[in-house]
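Participant: Quick one: structure below, then a few questions.
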Number of protein chains: 2
Amino acid sequence: MPQYKAPQRDMQFVLNDVLDSDAVYAGLRGYEEATSDLMTAIIEEGAKFAENVLSPLNQSGDEEGCRWSEAGVKTPAGFPEAYRQFVDNGWPALSAEPEFGGQGMPNLLGIAVNEMIGTANWSWLMYPGLSHGCIKTLEAHGSDEQKARYLPKLVAGEWTGTMCLTESQCGSDLGLLRTKAEPQADGSYAITGTKIFISAGDHDMAENIVHIVLARLPDAPEGTKGISLFVVPKFNVDEDGVAGERNAVRCASIEKKMGIKASATCVMNFDGARGYLIGEPHRGLNLMFTFMNTARIGTAIQGLAHAELSYQGALEYARERLAMRSLTGPKNPEGPADPIIVHPDVRRMLLTQKAFAEGSRAMLYYLAQLGDIVDRSDDVERVKAADDLMALLTPIAKAFVTEVGLEAANHGVQIYGGHGFIREWGMEQIVRDARIATLYEGTTGIQALDLIGRKVLGSGGKLLMGFTQLVDDFCQANADDADARYITPLAAYKDEWLEMSLQIGEKAMQNPDEAGAAAVDYLMYSGYVTLAYFWARMAVVARAKIAAGEDDTAFYDAKLMTASFYFDRLLPRAQAHRQALLSGAGNLMDMPEALFAV
Amino acid sequence: MPQYKAPQRDMQFVLNDVLDSDAVYAGLRGYEEATSDLMTAIIEEGAKFAENVLSPLNQSGDEEGCRWSEAGVKTPAGFPEAYRQFVDNGWPALSAEPEFGGQGMPNLLGIAVNEMIGTANWSWLMYPGLSHGCIKTLEAHGSDEQKARYLPKLVAGEWTGTMCLTESQCGSDLGLLRTKAEPQADGSYAITGTKIFISAGDHDMAENIVHIVLARLPDAPEGTKGISLFVVPKFNVDEDGVAGERNAVRCASIEKKMGIKASATCVMNFDGARGYLIGEPHRGLNLMFTFMNTARIGTAIQGLAHAELSYQGALEYARERLAMRSLTGPKNPEGPADPIIVHPDVRRMLLTQKAFAEGSRAMLYYLAQLGDIVDRSDDVERVKAADDLMALLTPIAKAFVTEVGLEAANHGVQIYGGHGFIREWGMEQIVRDARIATLYEGTTGIQALDLIGRKVLGSGGKLLMGFTQLVDDFCQANADDADARYITPLAAYKDEWLEMSLQIGEKAMQNPDEAGAAAVDYLMYSGYVTLAYFWARMAVVARAKIAAGEDDTAFYDAKLMTASFYFDRLLPRAQAHRQALLSGAGNLMDMPEALFAV
C-alpha cells in the first residue's frame, strides 16, 4: 500500500495562486481570519495526521474489516484510537458554526483537510464524513431546541451522525420509501422501518449516534411529496444534552462489500424508535436538497483522493521497477534493464492519473470556494452567480471526478502489471475502494439527469451560459497570451458545448427520452471541457509565475506539461461523447425489451 | 451471482451463419467430421456442465478461496468433484491430438466450450486451461519419448500442467530471468529457482502436475537468447508413464488477490528439481512463441466471458428493479414505478455490454477458426493468409477484448446501483475477476507494442493490408446493400487506419518512442475498427436471413439494432484514440522524470 504523502505544494498552488483565497476570504463575512498563512498551517497539521495516523491504517482496515455482533459494530484495530486523536485535536469542529463550538473555518479548508484524510484512508473518513451531513441538516433546519440538544456534541465529535435515506426497494427513487412515523402523545414520533446502506450506522468510535431519518407520516401523500425528516438518536438525549436510555434503533447487520471494507455499511432497524420532526411535515426531501451540493462535492473528493493515491503508488513503482530498455537506447545502462518510467505508455498512464488528480483538485476547491461565497458574501448578485455556478457544476464534479478517479485507480493497477492484482501491494484496494464513488450520493446516471434535465434544460440554458461566459471572459483575457495552445481549443469547446446543448434541447422538446439518451455522454463531455478550463487556468498562472522569475520553476514546468498532455490526449475524448450523444435516442429506445434476451 | 445461461443461439449464429463452419471444416484435414450437427450437440452438453455444475460454484469459490498448507493447496468445495466429472466426460481431450487420446475436434469448438466454462466459472477454468499450454508445448516440441511419457495422462485430464515463466524480478521482460538448470550425469537437469504467479501450480484436483519451466543453462548467453525450456513433473514419471517419487518442486505460498480467488496463484520453489530439456538449448522463448497466439486468444475469451456474464446479470435486474417513471410516461402503470430498463441510460449500458460480448464472440471464434485453417489446410497460400491474419489480430483481440470486457463488467455493477457494490449480488466479483485479464498473458501495453512494432511496422504494413483487403472485399461485396449504414463508415475507417499507420511509421523512423507513445491508443483504435468489421458482417448476415424469410426474426432484429448501436455510440471512440495518438510522443517524453514528483 502506498504511504500517502499530502501534496501540499499543489494544494497551496490551487488555494493561493489559482483561487486567490486571501483576497476572496478577506471579503467574506466571518472568514476574515482565514488567511493563507492560517490555512497553510492547518493543512500542515492535517497532513501529519493523515500521513502518520490514518495512512498506516488503510490496508490493515481493509484486511480486517468491520465486525458485527448483537452488541454493535466493531471497527478495525486503530480506528477508534485515531478517532479519539481526531476529536482531541479539534478537527470535527473545523468548519462548523462557532455558535455550537465550531471553529468557523471556510468550507474550502474543510474540503482540503478531507481530501488529505480521505486519500490516506477513505473508509475512516466515512465516520466523521457522515456526521457532516447530520450537522448541516440540524444547523439549517433544526429547531433552536434541537440545535442546542444535538449540535454541541456532534460538532465536538463526541457523537457522530448518519443520514438514513435508502431502503431496500428504493435508492435513487426515494418516492418509494415506506418507513413510518407515528405521532405520539408527547410530541415525538415512533419511527418504524428498515433502512439499508447506512454508513457509520453503528460503530465503536463515539458514545452516541444521531440519525437523520426520512419517513412518512400517517397522512402523507404518496411519492416524494410525502416524506418528512426526523432526528433519531441511538441513545435518547435529555434537555441538557446528556445521552440516556437506548432508543429502539439497532444495526441488524453489515454488508460485505467490494471495497471501503473498514467503513460499516449498516442495515438499520427502527422498531418504534423515538424520533423528532425536523422542519415542516412532508418537506423532508426539500430540506435535504439544501445541502445536497456540499454532500456531492464531498463525495467527488473521493475521485480526486483515489486518483492521487494511485498516482503516488504507481509513480514510486514506475521509478523503481526495471523492465526492458527504452526504445531510444538504455537509460540505466549500469542496471539489467531500465526503470519502466522510460516507456511512453507507462508515462501516458501516469500523466493521465496526474492530470485527473490535479485538475480535479482545482475544480473541487473552486466549487468549495463558491459554497463559501454563497454562505458568506454580502453581495447579492455575487451570491446568485456563485449559487448558479454551483448548481451547474456540482453534478459534473460529482460524476465526472468519480468516474475518472476510478479510471486513474485502474491505471495504477495496470502500471504494476500482475503485481497490481495482488493485495499486498495495495493498488487493487484503491480500485475496490474507488468503485463505490460512482454509485452512492446519486449514481453517474442520476447526476447526468440532474445536469441535463434540471440544470441545463431546466434553466433554459441560463446556468450553462453563466459558466461559459466565465470561460469566455477567461479566454478573452488571455487571448494574446503564449497560452493559445490551451485557450484556442477551450474557446472552441465552449462554443460547441452551447450549440450542442441547444440541439439536445430542441430534440428533447419532441421526445423527453432524447435528454435521457444524451445524459451521461453529455455529462462526460461537460466534465472534459470543465476540466480543460481548470487546466487552462492553472497553465496561465504557471506561465505567469515563470515569467515573473519566481523560484520553483520545476513545479510550474510540470504544470504546463501536464496541461499540454491533458489538452492533447484526454480532452479529445469529449468528441467521442459528442458523436455518441448526437446519434439520438433511437439506437437506445427502439429495441423492444424482449429483444434484449433473444 | 447471476446464474449463467449459455447463449447457444448466438454461438450457433456465429459458428454457422457468420463463419460458415460446415463448409470450412469439411475442407480441413482431419476435421471432416466436425459438422455443425456434431458441434451443436457438443455445445449443448458443454452448456449443461457449465450451467449446472460450474456456475453454482462461482460465488462460493470466490468466498472460500484456496488454502495453502505444507501438504499442498486445497481448492474450494466442489472444485475437485467438478473436475472429476469433467475428466469422466472426456472434456480435456476435446481438441487434443488423437494420437495421445485426444478427440481431435477443432480448436474453434474448444474455444466455444471454454467460453461457456469460463463464463460460468473463470477461476475453475484456470486449472484445465493451463494444461492446454503444457499439452500444446509437448505436442509441438517434446521428443517422442516425452510425448509418450506425459501426453496420455495430460490429455485424459488425469494430470494437469502449468507454464512457469514469471519470476519476481521479471514478468514482461523474461530476459531477466534467473532460474538455473544444471546438467546431470543421467541426462536430466537440476532446476533451481523461484517462479511466481504460477496458476494451478498446486491443487488437489489431479494426481500429478507437469510444469513447463523456463530456465538458464550454465553456459547460457544473457537475455532472452539464453533461455531454455524444461518439463518438470511434480511426481517423477517412469518410462511407462507412471508417477513415482516426489520431485523437488513445491508450492511455497499462494497469493492473496483481487479476484479469481478460487484459482491458486502459486509461488513455486524449484530446489534442484529433476527436469528434462524440451527442444534445443537456449531456444526456449522461440518455442513458447509457437503457441502464444492460441494462449492469447484463450485469455481474450475472459473479456468475452465477463462481458456476457455481467450482461446476463444486469439484464435480469434491469427488468425487475423498479425505480422512477419513464420520461415518456409510465410503462408499468399498475406498479409503484417502472422497471429501470425503460431508462435510456440503463439501455445504453446494457447495449454496450451486449455489443462487446457478441462482437467479441464473432472476433474470437473467427480467430480460432483461422488457427484451425493454419493447422489443417492443405492450401499453402490459405495457410499463409490465415497465419498473417492471426498474427495481426491476436494482440488486438487479447488487449481490446479484455479491456472492453472490464468496462462491461463495470457497467453491470453500475446498473445495480449501490447493490452492485455488495458481494451478495455477485456483480462486483465479475469486475474483480475480470481485472486480471488486461494484465496476464501480456499486458495491454505489451500487446500494443507487439501490434504496432512487430506486426504493423515490422511487416512494413503488409499484415495490416492483408486484413484491410479483407475488409475492403467485404465492403465492395455489400456496397449496394441496405447495410450502407454499417458499410460506409467501416470503409472510411479502414482507409483512415491505413493512412494513420503510415503516419506513425514515418514518425517512428525518426524517433522510436513515437511508436511506443502511439501504441495503446493505436491498439484501441484498431480494436474498435476490427469490432466494427465483425458487427457489419453479423448485420449483413442478419438482414439476409430476414430477407430470406427465415423464422426467428427477433434474433436478427436484435442483431441489427445492436449493430446500429455499436456504430452510433461505441465506434466514435476510435476518433478520440486517433486524436490522442496523432499528438505525438512529445507530450509524454518531454517531462523529465524528476518533474513527475514536484
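Lettering and numbering for the C-alpha cells are positional, with chains as A, B, ... in the shown order, residues counted from 1 in each chain, and ligands counted from 1 in the shown order.
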List every residue of region 147-221 of chain A that DSSP, applied to the backbone, labels as strand (DSSP E), and write the result as a VMD selection string.

Facilitator: chain A and resid 159 to 164 180 to 183 189 to 199 208 to 215

Participant: Write down, as a ChimeraX atom specification, each residue of chain A that has any atom within 6 Å of an atom of chain B, counting only C-alpha atoms.

Facilitator: /A:173,256-258,323-324,327,344-345,347,417-418,421-423,439,512-513,516-517,555,558,565,568-569,572-573,576,580,583,587-588,595,598

Participant: Write the residues of the preceding selection, restricted to C-alpha atoms, as a compact mmCIF listing (two decimals), in the first residue's frame.

Facilitator:
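Final file, part-v3.txt:
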```txt
# COMPACT_ATOMS: atom_id res chain seq x y z
CA ASP A 173 -36.24 6.83 -6.25
CA LYS A 256 -20.00 -7.50 2.76
CA LYS A 257 -18.69 -5.18 0.10
CA MET A 258 -16.23 -4.89 -2.75
CA ALA A 323 11.89 -4.00 -17.29
CA MET A 324 13.17 -3.77 -20.84
CA LEU A 327 13.16 2.22 -27.37
CA PRO A 344 5.96 6.03 -23.23
CA ASP A 345 2.86 4.07 -22.32
CA ARG A 347 4.09 7.77 -18.82
CA GLY A 417 1.37 -5.36 -14.08
CA GLY A 418 0.47 -8.68 -12.44
CA PHE A 421 -3.68 -7.65 -8.84
CA ILE A 422 -2.01 -8.84 -5.61
CA ARG A 423 -3.46 -7.45 -2.40
CA LEU A 439 -22.72 4.75 -7.16
CA PRO A 512 -38.07 13.61 -23.48
CA ASP A 513 -36.09 10.37 -23.93
CA GLY A 516 -32.09 10.79 -21.05
CA ALA A 517 -30.32 9.21 -24.00
CA PHE A 555 6.70 22.88 -10.34
CA ALA A 558 5.37 20.28 -14.68
CA PHE A 565 -0.84 16.37 -22.04
CA ASP A 568 -3.59 16.64 -26.41
CA ARG A 569 -4.54 13.28 -25.07
CA PRO A 572 -10.26 14.64 -27.42
CA ARG A 573 -12.42 12.08 -25.64
CA ALA A 576 -16.40 10.64 -28.84
CA ALA A 580 -22.36 9.30 -29.39
CA SER A 583 -26.77 9.99 -32.57
CA ASN A 587 -30.48 3.44 -31.04
CA LEU A 588 -31.32 3.03 -27.34
CA LEU A 595 -35.23 -8.43 -27.79
CA VAL A 598 -33.22 -13.41 -27.57
```

Participant: Run DSSP on the backbone and tell me which residues of region 372-587 of chain A come out as alpha helix (DSSP H); list them as a VMD selection string.

Facilitator: chain A and resid 372 to 376 380 to 415 427 to 434 444 to 449 462 to 477 484 to 510 513 to 547 553 to 565 573 to 582 586 to 587

Participant: Show me, as a list in words, the residues that have an atom within 6 Å of region 148-163 of chain B when counting only C-alpha atoms, minus same-chain residues fewer than 5 positions from it.

Facilitator: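 Using only C-alpha atoms, the neighbours found are Val87, Pro92, Ala93, Phe100, Leu130, Ser131, Cys134, Ala206, Glu207, Asn208, Ile209, Val210, His211, Ile212 and Gly241 of chain B.
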
Participant: Grab the residues selected above and save them as a PDB file, in the first residue's frame with N, CA and C atoms.

Facilitator:
```
ATOM      1  N   VAL B  87     -13.384 -34.749 -16.280  1.00  0.00           N
ATOM      2  CA  VAL B  87     -12.491 -35.796 -16.809  1.00  0.00           C
ATOM      3  C   VAL B  87     -13.311 -37.006 -17.249  1.00  0.00           C
ATOM      4  N   PRO B  92     -11.329 -32.906 -21.295  1.00  0.00           N
ATOM      5  CA  PRO B  92      -9.953 -32.455 -21.507  1.00  0.00           C
ATOM      6  C   PRO B  92      -9.413 -32.849 -22.887  1.00  0.00           C
ATOM      7  N   ALA B  93      -9.929 -33.955 -23.418  1.00  0.00           N
ATOM      8  CA  ALA B  93      -9.389 -34.487 -24.672  1.00  0.00           C
ATOM      9  C   ALA B  93      -9.991 -33.838 -25.906  1.00  0.00           C
ATOM     10  N   PHE B 100      -2.639 -39.203 -28.920  1.00  0.00           N
ATOM     11  CA  PHE B 100      -2.437 -39.391 -27.482  1.00  0.00           C
ATOM     12  C   PHE B 100      -3.756 -39.468 -26.733  1.00  0.00           C
ATOM     13  N   LEU B 130      -4.676 -24.124 -17.985  1.00  0.00           N
ATOM     14  CA  LEU B 130      -3.221 -24.082 -18.031  1.00  0.00           C
ATOM     15  C   LEU B 130      -2.656 -25.377 -18.607  1.00  0.00           C
ATOM     16  N   SER B 131      -3.377 -26.492 -18.413  1.00  0.00           N
ATOM     17  CA  SER B 131      -2.945 -27.755 -19.010  1.00  0.00           C
ATOM     18  C   SER B 131      -2.802 -27.622 -20.520  1.00  0.00           C
ATOM     19  N   CYS B 134       0.518 -26.511 -21.634  1.00  0.00           N
ATOM     20  CA  CYS B 134       1.508 -27.561 -21.391  1.00  0.00           C
ATOM     21  C   CYS B 134       1.409 -28.646 -22.474  1.00  0.00           C
ATOM     22  N   ALA B 206      -5.916 -33.229  -9.332  1.00  0.00           N
ATOM     23  CA  ALA B 206      -5.362 -34.275 -10.192  1.00  0.00           C
ATOM     24  C   ALA B 206      -4.154 -34.883  -9.488  1.00  0.00           C
ATOM     25  N   GLU B 207      -3.771 -36.048  -9.923  1.00  0.00           N
ATOM     26  CA  GLU B 207      -2.753 -36.778  -9.151  1.00  0.00           C
ATOM     27  C   GLU B 207      -1.329 -36.354  -9.472  1.00  0.00           C
ATOM     28  N   ASN B 208      -1.132 -35.680 -10.573  1.00  0.00           N
ATOM     29  CA  ASN B 208       0.215 -35.192 -10.877  1.00  0.00           C
ATOM     30  C   ASN B 208       0.101 -33.871 -11.624  1.00  0.00           C
ATOM     31  N   ILE B 209       1.163 -33.070 -11.539  1.00  0.00           N
ATOM     32  CA  ILE B 209       1.183 -31.769 -12.226  1.00  0.00           C
ATOM     33  C   ILE B 209       2.485 -31.685 -13.009  1.00  0.00           C
ATOM     34  N   VAL B 210       2.363 -31.348 -14.278  1.00  0.00           N
ATOM     35  CA  VAL B 210       3.529 -31.291 -15.160  1.00  0.00           C
ATOM     36  C   VAL B 210       3.854 -29.824 -15.440  1.00  0.00           C
ATOM     37  N   HIS B 211       5.004 -29.376 -14.932  1.00  0.00           N
ATOM     38  CA  HIS B 211       5.375 -27.975 -15.098  1.00  0.00           C
ATOM     39  C   HIS B 211       6.264 -27.795 -16.324  1.00  0.00           C
ATOM     40  N   ILE B 212       5.922 -26.821 -17.142  1.00  0.00           N
ATOM     41  CA  ILE B 212       6.816 -26.396 -18.219  1.00  0.00           C
ATOM     42  C   ILE B 212       7.551 -25.173 -17.667  1.00  0.00           C
ATOM     43  N   GLY B 241       5.098 -44.160 -17.920  1.00  0.00           N
ATOM     44  CA  GLY B 241       4.156 -43.084 -17.652  1.00  0.00           C
ATOM     45  C   GLY B 241       3.504 -43.183 -16.286  1.00  0.00           C
TER      46      GLY B 241
END
```

Participant: At what distance in Å, to one decimal, does CA of Leu389 (chain A) lie from CA of Asp17 (chain A)?

Facilitator: 20.7 Å

Participant: Any idea what's packed within 9 Å of Gly187 (chain B), counting only C-alpha atoms, ignoring anything in its chain fewer than 4 positions away? Could you give it as a list in words?

Facilitator: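 The residues satisfying every condition are Pro183, Tyr276 and Leu277 of chain B.
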
Participant: Excluding same-chain residues fewer than 4 positions from region 294-310 of chain B, what lies within 8 Å of it counting only C-alpha atoms, as an NGL selection string?

Facilitator: :B and (2 or 4 or 111 or 114-116 or 118-120 or 122 or 133 or 314 or 353-354 or 356-358 or 360-361 or 364 or 367-368 or 371 or 394-395 or 397-399 or 401-406 or 408-409 or 411-412 or 427 or 430-431 or 434 or 437 or 441)

Participant: If we count only C-alpha atoms and set the cut-off at 8 Å, which residues sit around Leu287 (chain A), ignoring sequence neighbours fewer than 2 positions away in its own chain? Please answer as a ChimeraX atom specification.

Facilitator: /A:137,141,229,279,283-285,289-290

Participant: Write out as a PyMOL selection string each polymer residue whose atoms come within 12 Å of Ala492 (chain B), counting only C-alpha atoms; drop sequence neighbours fewer than 4 positions from it.

Facilitator: chain B and resi 468+471-472+475+484-488+496-499+529+532-533
